[in-house]
>>> print(open('start00.cif').read())   # mmCIF, C-alpha atoms
data_model
loop_
_atom_site.group_PDB
_atom_site.id
_atom_site.type_symbol
_atom_site.label_atom_id
_atom_site.label_comp_id
_atom_site.auth_asym_id
_atom_site.auth_seq_id
_atom_site.Cartn_x
_atom_site.Cartn_y
_atom_site.Cartn_z
ATOM 1 C CA MET Z 28 114.140 66.352 108.751
ATOM 2 C CA GLY Z 29 111.047 65.893 106.543
ATOM 3 C CA ASP Z 30 107.428 66.934 106.959
ATOM 4 C CA THR Z 31 105.737 64.137 108.892
ATOM 5 C CA ALA Z 32 102.353 65.895 108.845
ATOM 6 C CA ALA Z 33 102.354 65.967 105.039
ATOM 7 C CA ALA Z 34 103.363 62.294 104.865
ATOM 8 C CA LEU Z 35 100.538 61.283 107.193
ATOM 9 C CA ARG Z 36 98.077 63.458 105.290
ATOM 10 C CA MET Z 37 98.948 61.587 102.087
ATOM 11 C CA LEU Z 38 98.649 58.205 103.828
ATOM 12 C CA ASN Z 39 95.274 59.125 105.333
ATOM 13 C CA THR Z 40 94.004 60.334 101.973
ATOM 14 C CA PHE Z 41 94.880 57.011 100.365
ATOM 15 C CA THR Z 42 93.208 55.041 103.155
ATOM 16 C CA SER Z 43 90.093 57.228 102.878
ATOM 17 C CA VAL Z 44 89.425 55.818 99.384
ATOM 18 C CA GLY Z 45 90.030 52.193 100.333
ATOM 19 C CA ALA Z 46 93.796 51.573 100.325
ATOM 20 C CA THR Z 47 94.578 49.088 103.082
ATOM 21 C CA SER Z 48 98.141 47.971 102.407
ATOM 22 C CA PHE Z 49 101.292 49.664 101.169
ATOM 23 C CA VAL Z 50 104.642 48.427 99.899
ATOM 24 C CA VAL Z 51 107.242 50.905 101.119
ATOM 25 C CA THR Z 52 110.510 51.125 99.199
ATOM 26 C CA LYS Z 53 113.674 53.128 99.767
ATOM 27 C CA THR Z 54 116.033 53.985 96.943
ATOM 28 C CA GLU Z 55 119.355 55.782 97.096
ATOM 29 C CA LEU Z 56 120.246 58.877 95.067
ATOM 30 C CA GLU Z 57 118.970 58.359 91.519
ATOM 31 C CA TRP Z 58 120.398 59.369 88.147
ATOM 32 C CA PRO Z 59 119.761 58.139 84.580
ATOM 33 C CA GLY Z 60 120.368 54.406 84.478
ATOM 34 C CA HIS Z 61 120.774 54.146 88.249
ATOM 35 C CA LYS Z 62 117.885 53.398 90.588
ATOM 36 C CA GLU Z 63 119.136 51.171 93.388
ATOM 37 C CA VAL Z 64 116.517 49.716 95.748
ATOM 38 C CA LYS Z 65 117.999 49.641 99.252
ATOM 39 C CA TRP Z 66 115.038 48.239 101.142
ATOM 40 C CA GLY Z 67 111.375 47.335 100.704
ATOM 41 C CA LYS Z 68 108.597 45.894 102.838
ATOM 42 C CA PRO Z 69 104.762 45.656 102.824
ATOM 43 C CA TYR Z 70 102.777 47.293 105.627
ATOM 44 C CA ALA Z 71 99.182 47.408 106.756
ATOM 45 C CA ALA Z 72 97.880 50.972 106.911
ATOM 46 C CA ASP Z 73 97.795 51.182 110.726
ATOM 47 C CA ASP Z 74 101.350 49.878 111.071
ATOM 48 C CA LEU Z 75 102.626 52.311 108.466
ATOM 49 C CA ARG Z 76 100.848 55.204 110.151
ATOM 50 C CA ARG Z 77 102.674 54.381 113.386
ATOM 51 C CA LEU Z 78 106.084 54.034 111.722
ATOM 52 C CA MET Z 79 105.814 56.870 109.221
ATOM 53 C CA PRO Z 80 107.421 59.601 111.391
ATOM 54 C CA SER Z 81 110.604 57.598 111.933
ATOM 55 C CA MET Z 82 110.722 56.583 108.248
ATOM 56 C CA VAL Z 83 110.485 60.210 107.136
ATOM 57 C CA ARG Z 84 113.190 61.311 109.564
ATOM 58 C CA THR Z 85 115.542 58.496 108.515
ATOM 59 C CA ALA Z 86 115.043 59.149 104.789
ATOM 60 C CA ALA Z 87 115.997 62.810 105.263
ATOM 61 C CA LYS Z 88 119.429 62.049 106.750
ATOM 62 C CA ARG Z 89 122.227 62.991 104.368
ATOM 63 C CA LYS Z 90 124.958 60.524 103.449
ATOM 64 C CA ARG Z 91 127.916 60.847 101.137
ATOM 65 C CA CYS Z 92 127.026 59.337 97.721
ATOM 66 C CA GLN Z 93 129.672 58.614 95.122
ATOM 67 C CA VAL Z 94 128.547 59.544 91.617
ATOM 68 C CA PRO Z 95 130.379 58.407 88.442
ATOM 69 C CA ASP Z 96 132.431 61.178 86.808
ATOM 70 C CA SER Z 97 131.371 63.678 89.452
ATOM 71 C CA GLU Z 98 132.130 64.933 92.922
ATOM 72 C CA PRO Z 99 130.414 63.087 95.800
ATOM 73 C CA VAL Z 100 126.921 64.319 96.649
ATOM 74 C CA MET Z 101 125.325 64.524 100.084
ATOM 75 C CA ALA Z 102 121.834 63.011 99.767
ATOM 76 C CA GLY Z 103 119.204 61.112 101.701
ATOM 77 C CA GLU Z 104 116.915 58.313 100.553
ATOM 78 C CA ASN Z 105 113.798 58.368 98.383
ATOM 79 C CA LEU Z 106 110.763 57.072 100.273
ATOM 80 C CA ILE Z 107 108.186 55.493 97.945
ATOM 81 C CA ILE Z 108 104.810 53.817 98.560
ATOM 82 C CA ARG Z 109 102.721 51.517 96.373
ATOM 83 C CA PRO Z 110 99.109 51.490 97.680
ATOM 84 C CA THR Z 111 96.527 48.742 97.109
ATOM 85 C CA GLY Z 112 93.104 47.927 98.472
ATOM 86 C CA PRO Z 113 90.292 45.421 97.888
ATOM 87 C CA GLY Z 114 87.487 46.526 95.618
ATOM 88 C CA VAL Z 115 89.159 49.738 94.468
ATOM 89 C CA ALA Z 116 91.372 50.517 91.470
ATOM 90 C CA LEU Z 117 93.937 53.248 92.168
ATOM 91 C CA VAL Z 118 94.842 54.877 88.853
ATOM 92 C CA GLN Z 119 98.027 56.975 88.764
ATOM 93 C CA LEU Z 120 98.420 59.826 86.284
ATOM 94 C CA ASP Z 121 101.902 61.330 86.057
ATOM 95 C CA ASP Z 122 103.552 64.285 84.300
ATOM 96 C CA LEU Z 123 100.285 66.183 83.934
ATOM 97 C CA SER Z 124 100.092 69.601 82.309
ATOM 98 C CA ALA Z 125 98.012 72.415 83.820
ATOM 99 C CA GLU Z 126 95.285 71.760 81.239
ATOM 100 C CA GLN Z 127 95.211 68.051 82.049
ATOM 101 C CA LEU Z 128 95.030 68.816 85.762
ATOM 102 C CA ASP Z 129 91.938 70.942 85.196
ATOM 103 C CA ARG Z 130 90.334 68.084 83.245
ATOM 104 C CA VAL Z 131 90.943 65.422 85.897
ATOM 105 C CA ARG Z 132 90.386 67.630 88.964
ATOM 106 C CA PRO Z 133 86.678 66.687 89.363
ATOM 107 C CA ALA Z 134 87.623 63.009 89.620
ATOM 108 C CA VAL Z 135 90.887 62.858 91.596
ATOM 109 C CA PHE Z 136 91.310 62.328 95.325
ATOM 110 C CA ILE Z 137 94.860 63.701 95.531
ATOM 111 C CA ILE Z 138 97.158 65.895 93.459
ATOM 112 C CA HIS Z 139 100.775 66.394 94.438
ATOM 113 C CA ALA Z 140 103.995 67.686 92.927
ATOM 114 C CA THR Z 141 107.109 65.516 92.995
ATOM 115 C CA SER Z 142 109.192 68.472 91.771
ATOM 116 C CA PRO Z 143 108.364 72.026 90.624
ATOM 117 C CA LYS Z 144 105.662 71.904 87.903
ATOM 118 C CA ASN Z 145 105.775 68.099 87.794
ATOM 119 C CA TYR Z 146 102.277 67.082 88.880
ATOM 120 C CA GLN Z 147 100.816 63.690 89.678
ATOM 121 C CA ALA Z 148 97.169 62.831 90.330
ATOM 122 C CA TRP Z 149 95.358 59.710 91.506
ATOM 123 C CA ILE Z 150 91.809 58.505 90.819
ATOM 124 C CA ALA Z 151 90.080 55.834 92.927
ATOM 125 C CA VAL Z 152 87.514 53.780 91.031
ATOM 126 C CA SER Z 153 85.074 51.153 92.298
ATOM 127 C CA GLY Z 154 83.428 48.517 90.146
ATOM 128 C CA VAL Z 155 86.520 47.677 88.075
ATOM 129 C CA PRO Z 156 86.826 43.917 87.367
ATOM 130 C CA GLU Z 157 89.384 42.180 89.559
ATOM 131 C CA GLY Z 158 92.589 40.936 87.979
ATOM 132 C CA LYS Z 159 95.945 42.325 86.899
ATOM 133 C CA GLU Z 160 95.175 42.424 83.176
ATOM 134 C CA GLU Z 161 91.753 43.980 83.746
ATOM 135 C CA PHE Z 162 93.310 46.704 85.905
ATOM 136 C CA LYS Z 163 96.011 47.394 83.306
ATOM 137 C CA GLU Z 164 93.396 47.674 80.560
ATOM 138 C CA PHE Z 165 91.220 50.034 82.629
ATOM 139 C CA THR Z 166 94.234 52.203 83.498
ATOM 140 C CA ARG Z 167 95.196 52.331 79.822
ATOM 141 C CA ARG Z 168 91.715 53.604 78.950
ATOM 142 C CA VAL Z 169 91.904 56.385 81.550
ATOM 143 C CA ARG Z 170 95.391 57.455 80.453
ATOM 144 C CA LYS Z 171 94.347 57.417 76.813
ATOM 145 C CA ALA Z 172 91.380 59.681 77.582
ATOM 146 C CA VAL Z 173 93.543 62.124 79.549
ATOM 147 C CA GLY Z 174 96.268 62.006 76.894
ATOM 148 C CA GLY Z 175 99.984 62.678 76.997
ATOM 149 C CA ASN Z 176 100.745 61.544 80.565
ATOM 150 C CA ASP Z 177 103.463 59.075 81.458
ATOM 151 C CA LYS Z 178 102.341 55.612 80.305
ATOM 152 C CA ALA Z 179 105.183 54.079 82.321
ATOM 153 C CA ALA Z 180 103.805 55.289 85.674
ATOM 154 C CA SER Z 181 104.421 52.448 88.105
ATOM 155 C CA HIS Z 182 101.496 52.892 90.550
ATOM 156 C CA ALA Z 183 104.037 53.873 93.203
ATOM 157 C CA THR Z 184 104.727 57.419 94.365
ATOM 158 C CA ARG Z 185 107.118 59.419 96.480
ATOM 159 C CA ILE Z 186 105.731 60.269 99.904
ATOM 160 C CA ALA Z 187 104.682 63.851 100.533
ATOM 161 C CA GLY Z 188 106.934 65.722 102.921
ATOM 162 C CA THR Z 189 110.046 63.847 101.753
ATOM 163 C CA GLU Z 190 112.673 65.018 99.288
ATOM 164 C CA ASN Z 191 113.098 63.907 95.700
ATOM 165 C CA PHE Z 192 116.702 62.728 95.668
ATOM 166 C CA LYS Z 193 117.584 62.788 91.974
ATOM 167 C CA LEU Z 194 121.034 63.902 90.917
ATOM 168 C CA LYS Z 195 119.667 66.502 88.499
ATOM 169 C CA TYR Z 196 118.200 68.437 91.445
ATOM 170 C CA ALA Z 197 121.356 68.455 93.617
ATOM 171 C CA PRO Z 198 122.083 70.132 95.909
ATOM 172 C CA ALA Z 199 118.622 71.782 96.273
ATOM 173 C CA PHE Z 200 116.478 68.639 96.281
ATOM 174 C CA PRO Z 201 112.747 69.504 96.004
ATOM 175 C CA THR Z 202 110.231 68.361 98.596
ATOM 176 C CA VAL Z 203 107.183 66.380 97.443
ATOM 177 C CA THR Z 204 104.225 68.666 98.174
ATOM 178 C CA ILE Z 205 100.472 68.094 98.268
ATOM 179 C CA VAL Z 206 98.495 70.444 96.015
ATOM 180 C CA GLU Z 207 95.012 69.340 97.063
ATOM 181 C CA THR Z 208 93.159 66.351 98.504
ATOM 182 C CA HIS Z 209 89.568 65.134 98.361
ATOM 183 C CA PRO Z 210 89.333 62.406 101.022
ATOM 184 C CA GLY Z 211 86.809 59.688 100.340
ATOM 185 C CA ARG Z 212 86.251 60.549 96.663
ATOM 186 C CA VAL Z 213 85.721 57.270 94.822
ATOM 187 C CA MET Z 214 84.448 57.326 91.247
ATOM 188 C CA THR Z 215 82.647 54.733 89.149
ATOM 189 C CA PRO Z 216 83.498 53.875 85.531
ATOM 190 C CA GLU Z 217 80.213 55.487 84.503
ATOM 191 C CA GLN Z 218 81.144 58.746 86.234
ATOM 192 C CA LEU Z 219 84.555 58.806 84.560
ATOM 193 C CA GLU Z 220 82.946 58.163 81.200
ATOM 194 C CA ALA Z 221 80.521 61.061 81.760
ATOM 195 C CA LEU Z 222 83.516 63.330 82.502
ATOM 196 C CA GLY Z 223 85.287 62.232 79.330
ATOM 197 C CA LEU Z 224 88.011 60.488 81.335
ATOM 198 C CA LEU Z 225 87.467 56.928 80.122
ATOM 199 C CA ALA Z 226 88.291 55.987 76.543
ATOM 200 C CA PRO Z 227 86.213 53.245 74.882
ATOM 201 C CA PRO Z 228 87.610 49.703 75.181
ATOM 202 C CA GLU Z 229 89.589 48.367 72.267
ATOM 203 C CA PRO Z 230 87.275 46.643 69.769
ATOM 204 C CA VAL Z 231 87.319 42.871 69.999
ATOM 205 C CA GLN Z 232 88.784 41.397 66.856
ATOM 206 C CA ALA Z 233 87.089 38.503 65.149
ATOM 207 C CA ALA Z 234 88.224 35.194 63.692
ATOM 208 C CA PRO Z 235 92.013 35.807 63.502
ATOM 209 C CA LEU Z 236 92.157 35.813 67.296
ATOM 210 C CA LYS Z 237 91.339 32.101 67.262
ATOM 211 C CA PHE Z 238 94.942 31.527 66.238
ATOM 212 C CA THR Z 239 97.935 32.014 68.516
ATOM 213 C CA ARG Z 240 99.292 35.514 68.117
ATOM 214 C CA ARG Z 241 102.971 35.559 67.211
ATOM 215 C CA VAL Z 242 105.021 38.062 69.175
ATOM 216 C CA GLU Z 243 108.168 39.210 67.471
ATOM 217 C CA SER Z 244 111.319 40.790 68.805
ATOM 218 C CA ARG Z 245 113.065 43.716 67.192
ATOM 219 C CA SER Z 246 115.121 41.278 65.130
ATOM 220 C CA GLY Z 247 111.923 39.858 63.618
ATOM 221 C CA LYS Z 248 112.342 36.457 65.279
ATOM 222 C CA ASP Z 249 109.585 34.898 67.377
ATOM 223 C CA ARG Z 250 109.914 35.538 71.090
ATOM 224 C CA HIS Z 251 109.663 32.581 73.432
ATOM 225 C CA TRP Z 252 110.194 32.522 77.153
ATOM 226 C CA PRO Z 253 113.264 30.552 78.217
ATOM 227 C CA SER Z 254 112.666 27.433 80.304
ATOM 228 C CA TYR Z 255 112.953 28.214 84.005
ATOM 229 C CA ASP Z 256 113.340 24.499 84.741
ATOM 230 C CA MET Z 257 116.418 24.417 82.504
ATOM 231 C CA ALA Z 258 117.804 27.561 84.142
ATOM 232 C CA LEU Z 259 117.349 25.904 87.539
ATOM 233 C CA ALA Z 260 118.890 22.630 86.368
ATOM 234 C CA GLY Z 261 121.951 24.463 85.070
ATOM 235 C CA ALA Z 262 122.457 26.592 88.177
ATOM 236 C CA PRO Z 263 125.426 25.828 90.468
ATOM 237 C CA LEU Z 264 124.777 24.246 93.846
ATOM 238 C CA ARG Z 265 124.278 26.324 96.958
ATOM 239 C CA ALA Z 266 127.291 26.724 99.231
ATOM 240 C CA ASP Z 267 125.951 23.998 101.559
ATOM 241 C CA GLY Z 268 125.306 21.642 98.629
ATOM 242 C CA SER Z 269 121.612 21.328 99.481
ATOM 243 C CA GLY Z 270 120.359 22.094 95.975
ATOM 244 C CA PRO Z 271 120.632 24.484 93.020
ATOM 245 C CA ASP Z 272 121.265 28.161 93.739
ATOM 246 C CA GLU Z 273 117.870 29.647 92.842
ATOM 247 C CA SER Z 274 119.219 33.207 92.830
ATOM 248 C CA ARG Z 275 121.641 32.242 90.042
ATOM 249 C CA ALA Z 276 118.800 30.510 88.191
ATOM 250 C CA ASP Z 277 116.682 33.665 88.490
ATOM 251 C CA PHE Z 278 119.533 35.758 87.095
ATOM 252 C CA TRP Z 279 120.144 33.407 84.147
ATOM 253 C CA PHE Z 280 116.425 33.170 83.324
ATOM 254 C CA SER Z 281 116.213 36.988 83.357
ATOM 255 C CA TYR Z 282 119.328 37.273 81.186
ATOM 256 C CA LEU Z 283 117.922 34.902 78.559
ATOM 257 C CA ALA Z 284 114.528 36.619 78.611
ATOM 258 C CA ARG Z 285 116.059 40.051 78.016
ATOM 259 C CA GLN Z 286 118.289 38.562 75.305
ATOM 260 C CA ARG Z 287 115.168 37.274 73.522
ATOM 261 C CA GLY Z 288 113.616 40.730 73.454
ATOM 262 C CA TRP Z 289 111.316 40.743 76.490
ATOM 263 C CA SER Z 290 111.214 44.092 78.285
ATOM 264 C CA ALA Z 291 112.378 44.530 81.882
ATOM 265 C CA GLU Z 292 108.766 44.959 83.034
ATOM 266 C CA GLU Z 293 107.628 41.790 81.207
ATOM 267 C CA THR Z 294 110.585 39.843 82.579
ATOM 268 C CA GLU Z 295 109.902 40.966 86.160
ATOM 269 C CA ALA Z 296 106.287 39.790 85.905
ATOM 270 C CA LYS Z 297 107.301 36.437 84.396
ATOM 271 C CA LEU Z 298 110.067 35.843 86.939
ATOM 272 C CA LEU Z 299 107.617 36.408 89.774
ATOM 273 C CA GLU Z 300 105.310 33.875 88.110
ATOM 274 C CA VAL Z 301 107.837 31.054 87.612
ATOM 275 C CA SER Z 302 110.339 31.470 90.463
ATOM 276 C CA SER Z 303 109.449 30.245 93.953
ATOM 277 C CA LYS Z 304 112.533 32.113 95.208
ATOM 278 C CA ALA Z 305 111.187 35.419 93.859
ATOM 279 C CA GLN Z 306 107.754 34.740 95.354
ATOM 280 C CA GLU Z 307 109.320 33.917 98.715
ATOM 281 C CA ARG Z 308 111.417 37.087 98.727
ATOM 282 C CA VAL Z 309 108.415 39.299 97.939
ATOM 283 C CA ARG Z 310 106.276 37.619 100.610
ATOM 284 C CA GLY Z 311 109.144 38.135 103.043
ATOM 285 C CA GLY Z 312 109.134 41.889 102.445
ATOM 286 C CA ASP Z 313 111.763 42.234 99.721
ATOM 287 C CA PRO Z 314 109.865 43.460 96.611
ATOM 288 C CA GLY Z 315 113.105 44.901 95.228
ATOM 289 C CA TYR Z 316 114.623 41.421 94.689
ATOM 290 C CA VAL Z 317 112.828 40.896 91.369
ATOM 291 C CA SER Z 318 113.585 44.324 89.876
ATOM 292 C CA VAL Z 319 117.241 44.204 90.988
ATOM 293 C CA THR Z 320 117.729 40.709 89.523
ATOM 294 C CA VAL Z 321 116.255 41.741 86.167
ATOM 295 C CA LYS Z 322 118.175 45.034 86.178
ATOM 296 C CA ASN Z 323 121.497 43.263 86.836
ATOM 297 C CA ALA Z 324 120.776 40.725 84.112
ATOM 298 C CA GLY Z 325 119.977 43.502 81.636
ATOM 299 C CA GLU Z 326 123.163 45.364 82.491
ATOM 300 C CA TRP Z 327 125.249 42.208 82.063
ATOM 301 C CA LEU Z 328 123.593 41.554 78.697
ATOM 302 C CA GLU Z 329 124.391 45.083 77.535
ATOM 303 C CA ARG Z 330 128.031 44.751 78.627
ATOM 304 C CA ASN Z 331 128.347 41.509 76.662
ATOM 305 C CA ARG Z 332 126.821 43.142 73.604
ATOM 306 C CA GLN Z 333 129.277 46.023 73.853
ATOM 307 C CA ARG Z 334 132.165 43.570 74.065
ATOM 308 C CA SER Z 335 130.871 41.776 70.972
ATOM 309 C CA ARG Z 336 130.611 45.043 69.035
ATOM 310 C CA ALA Z 337 134.135 45.963 70.094
#
>>> encode(input="start00.cif", output="structure tokens")
Amino acid sequence: MGDTAAALRMLNTFTSVGATSFVVTKTELEWPGHKEVKWGKPYAADDLRRLMPSMVRTAAKRKRCQVPDSEPVMAGENLIIRPTGPGVALVQLDDLSAEQLDRVRPAVFIIHATSPKNYQAWIAVSGVPEGKEEFKEFTRRVRKAVGGNDKAASHATRIAGTENFKLKYAPAFPTVTIVETHPGRVMTPEQLEALGLLAPPEPVQAAPLKFTRRVESRSGKDRHWPSYDMALAGAPLRADGSGPDESRADFWFSYLARQRGWSAEETEAKLLEVSSKAQERVRGGDPGYVSVTVKNAGEWLERNRQRSRA
């Protein structure tokens, strides 16, 4: 029924370095191309600590899952947390080799395995400039210095003491296990640099940057974001006739963005920026709304492309 002690140990380790809030997400059995968010909600650390035992027990319960071209599989739910805190950057390093683990060990506050020999480590850093782009740039520098780890790491992780419900592991799903913790260990950029774990910043380019940089899609054409206002204006009315269906507008905006060559990650960020509906859903505890909308739009685009090729 899950290891509640391990889950609480992970939570307490994150709070010891300054994490104060967590978005908790549940996904059903995963396989390539299928990662369905069933539920998501933000929690303060104290509230999550109180609810964690019941969450772990519920996630462990097996249900019958239908898998395409395969026999049904009995599986529970993946329990995932995304930690944040004021004044601290939480840098996630995934898919680390044994050599990389030895390099980062003096700086990390937790190392855990999401499956056998698949290690993940986290570094807490103070003194990093606030802002999404600044955090992304700092994380890129750390990952570049470490080398070879998963650049797509999402800053969310499976909770220790729960099982990793991926189809490739069925029926013996591995349990996420803590390798070591160092509560309260918070580094500075200078300390990381001294350890060789912070690559130099990219050199600032000169005069050409005065001009607008043209971003091109794979087809060589300039990429432009579609107009959200036009997507909203073209959306059908809600069932009660009170105004345009914003969910349909969000889907159409995402479809056009993916069609123009923007990645799923870029589209999710832009949708959250332009759509009041998406912002409202996230504030209301549904962070999966944005990713599911973009995922569905991408799948519909791919189906239409396949029909065209046929």
>>> residues_around(input="start00.cif", residues="Glu63 in chain Z", least_positions_apart="2", cutoff="12 Å", atoms="only C-alpha atoms", output="list in words")
Thr52, Lys53, Thr54, Glu55, Leu56, Glu57, Trp58, Pro59, Gly60, His61, Lys65, Trp66, Gly67, Glu104, Asn105, Lys193, Gly315, Tyr316, Ser318, Val319, Thr320, Lys322 and Asn323 of chain Z
>>> residues_around(input="start00.cif", residues="Leu283 in chain Z", least_positions_apart="2", cutoff="9 Å", atoms="only C-alpha atoms", output="list in words")
Trp252, Pro253, Phe278, Trp279, Phe280, Ser281, Arg285, Gln286, Arg287, Gly288, Ala324 and Leu328 of chain Z
>>> residues_around(input="start00.cif", residues="Val206 in chain Z", least_positions_apart="3", cutoff="12 Å", atoms="only C-alpha atoms", output="list of chain:residue names")
Z:Ala33, Z:Arg36, Z:Met37, Z:Leu128, Z:Arg132, Z:Val135, Z:Phe136, Z:Ile137, Z:Ile138, Z:His139, Z:Ala140, Z:Thr141, Z:Ser142, Z:Pro143, Z:Lys144, Z:Asn145, Z:Tyr146, Z:Gln147, Z:Ala148, Z:Ala187, Z:Gly188, Z:Val203, Z:His209
>>> residues_near_point(input="start00.cif", point="(99.2, 51.6, 86.2)", cutoff="7 Å", atoms="all atoms listed in the file", output="list in words")
Val118, Gln119, Lys163, Thr166, Ala180, Ser181 and His182 of chain Z
>>> closest_residue(input="start00.cif", among="Z:Pro201, Z:Gly29, Z:Pro110, Z:Pro156", to="Thr189 in chain Z", atoms="only C-alpha atoms")
Z:Gly29
>>> atom_distance(input="start00.cif", atom1="CA of Asp277 in chain Z", atom2="CA of Ala305 in chain Z")
7.9 Å
>>> resolve_selection(input="start00.cif", expression="the PyMOL selection byres ((chain Z and resi 72) around 8)", output="PyMOL selection string")
chain Z and resi 38+42+46-49+70-71+73-76
>>> resolve_selection(input="start00.cif", expression="the PyMOL selection byres ((chain Z and resi 89) around 7)", output="ChimeraX atom specification")
/Z:87-88,90-91,101-103
>>> residues_around(input="start00.cif", residues="Gln306 in chain Z", least_positions_apart="3", cutoff="12 Å", atoms="all atoms listed in the file", output="PDB file with C-alpha atoms, keeping the file's coordinate frame")
ATOM      1  CA  GLU Z 273     117.870  29.647  92.842  1.00  0.00           C
ATOM      2  CA  SER Z 274     119.219  33.207  92.830  1.00  0.00           C
ATOM      3  CA  ASP Z 277     116.682  33.665  88.490  1.00  0.00           C
ATOM      4  CA  GLU Z 295     109.902  40.966  86.160  1.00  0.00           C
ATOM      5  CA  ALA Z 296     106.287  39.790  85.905  1.00  0.00           C
ATOM      6  CA  LYS Z 297     107.301  36.437  84.396  1.00  0.00           C
ATOM      7  CA  LEU Z 298     110.067  35.843  86.939  1.00  0.00           C
ATOM      8  CA  LEU Z 299     107.617  36.408  89.774  1.00  0.00           C
ATOM      9  CA  GLU Z 300     105.310  33.875  88.110  1.00  0.00           C
ATOM     10  CA  VAL Z 301     107.837  31.054  87.612  1.00  0.00           C
ATOM     11  CA  SER Z 302     110.339  31.470  90.463  1.00  0.00           C
ATOM     12  CA  SER Z 303     109.449  30.245  93.953  1.00  0.00           C
ATOM     13  CA  VAL Z 309     108.415  39.299  97.939  1.00  0.00           C
ATOM     14  CA  ARG Z 310     106.276  37.619 100.610  1.00  0.00           C
ATOM     15  CA  GLY Z 311     109.144  38.135 103.043  1.00  0.00           C
ATOM     16  CA  GLY Z 312     109.134  41.889 102.445  1.00  0.00           C
ATOM     17  CA  ASP Z 313     111.763  42.234  99.721  1.00  0.00           C
ATOM     18  CA  PRO Z 314     109.865  43.460  96.611  1.00  0.00           C
ATOM     19  CA  GLY Z 315     113.105  44.901  95.228  1.00  0.00           C
ATOM     20  CA  TYR Z 316     114.623  41.421  94.689  1.00  0.00           C
ATOM     21  CA  VAL Z 317     112.828  40.896  91.369  1.00  0.00           C
TER      22      VAL Z 317
END
>>> axis_aligned_box(input="start00.cif", around="range 329-332 of chain Z", padding_each_side="6 Å", output="JSON")
{"center_x": 126.4, "center_y": 43.3, "center_z": 76.1, "size_x": 16.0, "size_y": 15.6, "size_z": 17.0}
>>> atom_distance(input="start00.cif", atom1="CA of Ala32 in chain Z", atom2="CA of Arg212 in chain Z")
20.9 Å
>>> resolve_selection(input="start00.cif", expression="the PyMOL selection byres ((chain Z and resi 227) around 10)", output="PDB file with C-alpha atoms, in the coordinates of the input")
ATOM      1  CA  PHE Z 165      91.220  50.034  82.629  1.00  0.00           C
ATOM      2  CA  ARG Z 168      91.715  53.604  78.950  1.00  0.00           C
ATOM      3  CA  VAL Z 169      91.904  56.385  81.550  1.00  0.00           C
ATOM      4  CA  LYS Z 171      94.347  57.417  76.813  1.00  0.00           C
ATOM      5  CA  ALA Z 172      91.380  59.681  77.582  1.00  0.00           C
ATOM      6  CA  GLU Z 220      82.946  58.163  81.200  1.00  0.00           C
ATOM      7  CA  LEU Z 224      88.011  60.488  81.335  1.00  0.00           C
ATOM      8  CA  LEU Z 225      87.467  56.928  80.122  1.00  0.00           C
ATOM      9  CA  ALA Z 226      88.291  55.987  76.543  1.00  0.00           C
ATOM     10  CA  PRO Z 228      87.610  49.703  75.181  1.00  0.00           C
ATOM     11  CA  GLU Z 229      89.589  48.367  72.267  1.00  0.00           C
ATOM     12  CA  PRO Z 230      87.275  46.643  69.769  1.00  0.00           C
TER      13      PRO Z 230
END
>>> atom_distance(input="start00.cif", atom1="CA of Met79 in chain Z", atom2="CA of Ala34 in chain Z")
7.4 Å
